[in-house]
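**Q** Pasting a structure here, questions to come.
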Amino acid sequence: MEGALSSDRYGGSSSSRGGNSNDYYGSRRGGGGRGGRGRGRGGYNNNRHRHHPYRRDNDHGGGRYGGRHGGGGGRRGGGRHHHNGGNNNNNNRGPRQPANRFTTETKSVDPQYAMMKQLTAMVAKMGDLGGAAEVAAAASSTAMGDDANNNNNNNSGEMMMMRPVVKAIGKNVSDLVEVLCGAQNAQLFLKFGDDDTTAAAAAAANEVEANEGGDNLAAMNLNDNGEAKEEEKVTVINATKQAGTLATLLVSCAYGLPLQTPSYAALTLGVDVKAPKETHAGFAGRCVDLAMRCLGRDLDMALECRVARSVVGGGAKKTKEDDGIITIGEHEKENVRCFAERTGGFGNGNQIDAYYRAKFLLRYLAYLTKIGIVAAEDGGDQSFLGLLQMLAQAATNAAQASANSNEEKKRALGRASRVLASLILSVLPFAMNTNDGEKGLSSDTISDLVDVIETNIVGQASNYSSDYGPGIGPLSILLKGELDDAPLAGEMEEEEEEEDEEEEDDDDGDQPAPCADTLQDLLRTVRKLVSPSSSTRFALMRDSPWLALTMDAQSSDMEEQEKVPMEYSGEQLVLDLIGGEEDRCKSVPYLMSIDNADDSVEIICRSLDGIVFGRLAIFDAPSEGGDDEEEDDDEEDAEETNPNLESYTKSFSLGDRFFLSDAVRDVLMCHRPMVSDAGADRNNAKEVADQIWAISHLFLGAESSDDSSSKGIEFGIIETLISLIVQCTPQGSGTPSSSPLNELVYLSRVLLELTKLKPSLIPQAIVLAVSGMFEDFMPSLTPTARDNLGHWLSFHLTNTDYQWPKSYWEHWAPYAAIDKRNSRGDFVSVALWSMATLSPDGPESVARECLPAGSTLVQSVFLKHKQNNADISSSETDLINRIWDTSEDPDSIRQHIISDELSESYGSMVRSIDDNVDNSMSQPKVWWRTRLVTRALFSPLSRETSRMIALAEKAWKKKASADGDNDMVGEHLAEDDRDETEDILADLPDAIARFKPVLLAAVARDADAYDSEATGKVDDDKLLLAGEVSILSEIGCLVSAWDSTASFSLIECLMKNQIVSSLAVATWALGDNANELSHVSPQWWKVVSLAVNNAVTDALSKLELSGTDLGGGIGMIIDGAGASDGDDSKEADVTRLDEALKAAVPILKYSLERLCHFLSTTNSPRKIPISAVDLVEGVKRLSRAVLFHLNSLALSPSPTLTLSNLQRGLMSMDADGEKLASVCRAVECNGEQEKRLLQHVAFSVEKLF
């Protein structure tokens, strides 16, 4: 385990007894349930090795703690919880070795500490679906029938109809309750309050939670800036001590293990009923009280609620009185995210964690409501319904107030309302009384709550605009229409079909899709679920393992105690979110009275990344009754070869698919691998894949079907993962992922582990999903989504020995061979280029191992970039020899470059310049010296590219000849003559720094030559900019198309050495002064993002070095009234932001102007030009990247500045959303598609800025 977020289903036997161990790792885990983590009876250790330098060799016997504590656990979380000790056999072993190889000191293990860690393991794995499913599958049908008959007189009909996996979980809970509430164990496990042993017990549980990724009341003793709170004149409430160790562990598991929530509700009931009343009564009340404290804290964090502060003399103090109550937890510093995860994306890592904790805490309270522990409706405002109504009212107030607030506050409140709406909608299906006799909420009550949210927040009447709306949204993954892809040779476009599609687009207008994101999908699912005719096969909301718990009936006959279903007999508990003076939650009371609220509290919800995701349905929706017979026949013809896909499309309703996808996302978030600041690993991709597959045990069988209840579920899992992959943060964007679910490598690793876990199911689903995406979605995907899909496919194939159907490569090859760019050809090229990057042999390995023999993809993707080195001039050859072979002094080379001798030998290149021609200074022949030096300096790069292409061609022809294709045999290819000690990416940066004077001298000499030949006045700044662009243009011709990493690294090196400016990089990336879209690289925005980052970093570095106060300027505007308070610290921060804006805004404006220029000069009446989409989607991505760079480099390091300062600074430079949108709307376009694209850009930048 040993914690709440781990899995124990790997390796080892499934037997409950431990086996013998003859190696290091066998002795470490000992016996136990499958994989050793369940801890059955201890095994023997006959380890022949004497000592391992990094591990204690005496770990033998049961489980992690060896013979001393024996085995714990049972059959892999699904069996009984034994506590039998293991055998301690030290035969053939030397003397006990110390844990530290450099000291003889040993560390003893506190028995109570070890016992609490075993308790944590049992509680965390008690409701494990995989373990329970194995137990249920192993049970014979006769035994199950006898069990049902024995309970027929005592248990309800729901118990008789309970799923076997739920029965197994209920049995686990029952056994654990008996252990915990025994006469002797209760004193140890159920202690709470100020008992002396409680702290030690809690420390054990908290350490395990910290090591496995649980939060465990994290940051309750931290202020809003993450600093330690001052404890002056406050009453400290230790929430962990008050609740007790078991309650703390139970609640932490409830909000950390999304698939096991029903088991923790059942455990709450069991312990509350079975605990000794005289000493440990009120367990459920302590759990609920702790859960409400956690919920209040997490709501504040999810909404990013801050207490307003005033700054005096550089210190911060509360505007409210310091007197009050502070609630803390123990070992909190160990449980917060590591720094890298806290600052990922827009720095909202803690917000995302808090949202998911609040989501699962509400679900836990919903189950307690169905049991009867928590009041459903009778408690008024403090009932579960009252809590949801209060949250709904707070969300409504936030949405309404957002229309009357300033821009920053408006956006923050709008996002806050959606966070609350998402929390409410996500818990409603679990609160509905789906089974007879349950005490949950009625469908009418839930329908009323849905009406409030739909009318005011998410529905069409609320003017909700999704960030993922096709074409319009800043994060859209689909376009508003299809790209103008070139058809294959011999194919004719159907004009009538195009006209029909165009009419449909016109009818749709610019409204986003009805279900573009997961929040809209959630609303639709809940709305349909409460209708009388709707149902779902998703069983988690119906699972009631507490029905398997029994207790002794109250009877006068003491000889035979009758067992009856366990019921909660105490007074129903109420939910106090506010906590009186404790002030558990600040955000909800503030929103409830927002019209009359003061400025002491503010909501700064900055992002919904990691909370709301885009929605992409890859496979067909379930057929409705009114479908045409022809469509049914087509579906049968298409799916008859794969019955699992047919089962998925027919038996999984839209509601089932949503709950499946939501569960997958929950598992990906809660079980994600993490590394703490101390270097401790938490979970791995294999465990995540195992937990995802456990979701297959959460579906009921389809009606009128003999198929397995989970048949075809692999297609739903793949659909969810690919929909997340296409919306990941793009590689090379210069911005980190905002959440684990936006991390391409993480998702790719999980999908790879799923392939290994289910090799007979997952690969087929992947192939069909990619095929469907290629045929149906590729022309409608945004460039970023298309590239993400290609990068993932390359990663997957590289790690699966390039196993991919040959027919697919043959089918895809013609699209890559078309001269005109098209989306399908770009996808194939990106996938193959990425594969070449991942392999040390580059394209050679792709040609040799991946592609079929004789595939034309090698020629169309790699060989077309073959360079002709035969026309290298003698001057260039001489310069290459001076730089790389003889290591001549840079100063002598510089003198040679600017000499007249070189001009005479190379010929005069500027005499024919016509300065009357537009952009004459950008002509290549103006910068012949600059280009000559650049080619010579980067000649190793050119040579390496030619070498790799030659090897790829050789491998391609060799494979073709072996396959019998004699047409490709006969051409002689050079052998690989690469120097193994050569490291180009290490040598080139050194050479760039060394020969920088040579390159700058060449630029200056060419500029002087042009100035002397040109008539009229020459703008020196523009002239030097053109020279810098010429350097970048030459490098762009030398770098291989597939190696973007090398290209970005060299560009960054040139900027850091101040050879080229950030503006020059942006100018080059956007085609310099070209008037055609084809001159713009599809990856232009990544290069410009790199330039913005360099410009801001350089500006701030110069400011720190100069130490001068600029004074005045836009800094006074940004600071507003605060500039007159004499605060030197804030003035310095304002100056930093001022300089950062001056560096970033011109590049952003230039990019937008180039976009408008290109779109105004093109005319596309029908479909969308692919190059135009590269520009439009690039501007959206660049806008987000600019905001991130400004926030991370200038705003986040400052304790005094907020987003309002950034907004005012943008407004002062005419770069706020309204001004940037007006620039787009003012452009006149001739093409219909171009007009629509400009409207989309205007909408996105206005929403972002």
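Quick note on naming: the chains in the structure tokens go A, B, ... in the order shown, residues restart at 1 in each chain, and ligands are numbered from 1 in order of appearance.
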Would you pick out the contacts of stretch 447-459 of chain A at 12 Å or less, using only C-alpha atoms, so that residues sharing its chain but fewer than 6 positions from it are not included, and give the list as a VMD selection string?

**A** chain A and resid 385 to 403 413 to 429 432 441 465 to 466 514 to 532

**Q** Excluding same-chain residues fewer than 3 positions from A:Gly170, what lies within 6 Å of it counting only C-alpha atoms, as a ChimeraX atom specification?

**A** /A:167,173,545,548

**Q** Interatomic distance between atom CA of A:Ala1221 and atom CA of A:Leu1137?

**A**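 Separating atom CA of A:Ala1221 from atom CA of A:Leu1137 is a distance of 23.0 Å.
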
**Q** Which residue out of A:Leu478, A:Ile603, A:Ala376, A:Ile578 has the minimum interatomic distance to A:Cys305 when only C-alpha atoms are used?

**A**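 Ranking A:Leu478, A:Ile603, A:Ala376, A:Ile578 by distance to A:Cys305, first place goes to A:Ile603.
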
**Q** What are the closest atom pairs, with distances in Å to one decimal, for all residues of stretch 828-902 of chain A lying within 7 Å of stretch 998-1006 of chain A? Consider only C-alpha atoms, order rows by chain and residue number, and present the result as a tab-separated table.

**A**
residue	atom	partner	partner_atom	distance
A:Pro890	CA	A:Val998	CA	6.5
A:Ile893	CA	A:Val998	CA	6.8
A:Arg894	CA	A:Val998	CA	4.7
A:Ile897	CA	A:Ala1002	CA	6.4
A:Ile898	CA	A:Arg1005	CA	6.1

**Q** So the first atom is atom CA of A:Val1227 and the second is atom CA of A:Gln1239; what is the distance between them in Å, to one decimal place?

**A**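 These two atoms are separated by 10.2 Å.
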
**Q** Taking only C-alpha atoms into account, which of A:Ala836, A:Leu616, A:Leu269, A:Leu246 comes nearest A:Leu797?

**A** A:Ala836

**Q** With a distance cut-off of 10 Å and only C-alpha atoms, select the neighbouring residues of A:Asp609, excluding the residue or stretch itself and same-chain residues fewer than 6 positions from it, and output the selection as a PyMOL selection string.

**A** chain A and resi 345-346+348-349+351-352+475+737-739+741-742

**Q** Just C-alpha atoms for this one: save the residues we selected as an mmCIF file, in the first residue's frame.

**A**
data_model
loop_
_atom_site.group_PDB
_atom_site.id
_atom_site.type_symbol
_atom_site.label_atom_id
_atom_site.label_comp_id
_atom_site.auth_asym_id
_atom_site.auth_seq_id
_atom_site.Cartn_x
_atom_site.Cartn_y
_atom_site.Cartn_z
ATOM 1 C CA GLY A 345 -0.192 26.096 -15.791
ATOM 2 C CA PHE A 346 -1.650 29.233 -14.305
ATOM 3 C CA ASN A 348 -3.976 26.716 -9.994
ATOM 4 C CA GLY A 349 -2.758 23.277 -8.942
ATOM 5 C CA GLN A 351 -7.394 24.942 -6.788
ATOM 6 C CA ILE A 352 -7.829 21.773 -8.868
ATOM 7 C CA LEU A 475 -9.583 26.230 -26.000
ATOM 8 C CA SER A 737 0.389 21.762 -18.164
ATOM 9 C CA SER A 738 -2.322 23.249 -16.003
ATOM 10 C CA SER A 739 -3.343 19.880 -14.565
ATOM 11 C CA LEU A 741 -5.185 15.659 -17.181
ATOM 12 C CA ASN A 742 -3.591 18.152 -19.582
#

**Q** Env of A:Ile1051: 9 Å cut, atoms = only C-alpha atoms, seq-sep filter 2 positions within chain, self excluded. Answer as a count of residues only.

**A** 15

**Q** Quick one: residues within 7 Å of stretch 949-957 of chain A, only C-alpha atoms, excluding same-chain residues fewer than 3 positions away - as a list in words?

**A** Pro843, Glu844, Ala847, Arg848, Gly854, Phe862, Leu863, Lys866, Thr945, Ser946, Ala960, Ser961, Met968, Val969 and Leu973 of chain A

**Q** Point out the residue among A:Asn1205, A:Thr782, A:Thr1067, A:Gln1083 with the least atom-to-atom distance to A:Pro1146, counting only C-alpha atoms.

**A**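 So, comparing all the options, the nearest one is A:Thr1067.
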
**Q** From a DSSP calculation on the backbone, collect every residue of stretch 686-879 of chain A in alpha helix (DSSP H) and output the set as a PyMOL selection string.

**A** chain A and resi 686-694+713-725+744-757+762-772+783-798+806-817+823-838+843-845+857+874-879

**Q** Extract, using only C-alpha atoms, all DNA, RNA and protein residues at most 10 Å from A:Val726, discarding same-chain residues fewer than 5 positions from it, and format them as a list in words.

**A**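 Within the cut-off, the hits are Ile477, Leu478, Gly614, Leu616, Leu721, Asn742, Leu744, Leu781, Thr782, Pro783, Thr784, Ala785, Arg786, Asp787, Asn788, Leu789, Gly790, His791 and Trp792 of chain A.
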
**Q** Just how far from atom CA of A:Glu1234 is atom CA of A:Pro1169, in Å to one decimal?

**A**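 Result for atom CA of A:Pro1169 versus atom CA of A:Glu1234: 8.7 Å, one decimal.
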
**Q** Nearest residue to A:Ser1198 out of A:Arg665, A:Arg306, A:Arg537, A:Lys1130, using only C-alpha atoms?

**A**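 Between A:Arg665, A:Arg306, A:Arg537, A:Lys1130, the residue approaching A:Ser1198 most closely is A:Lys1130.
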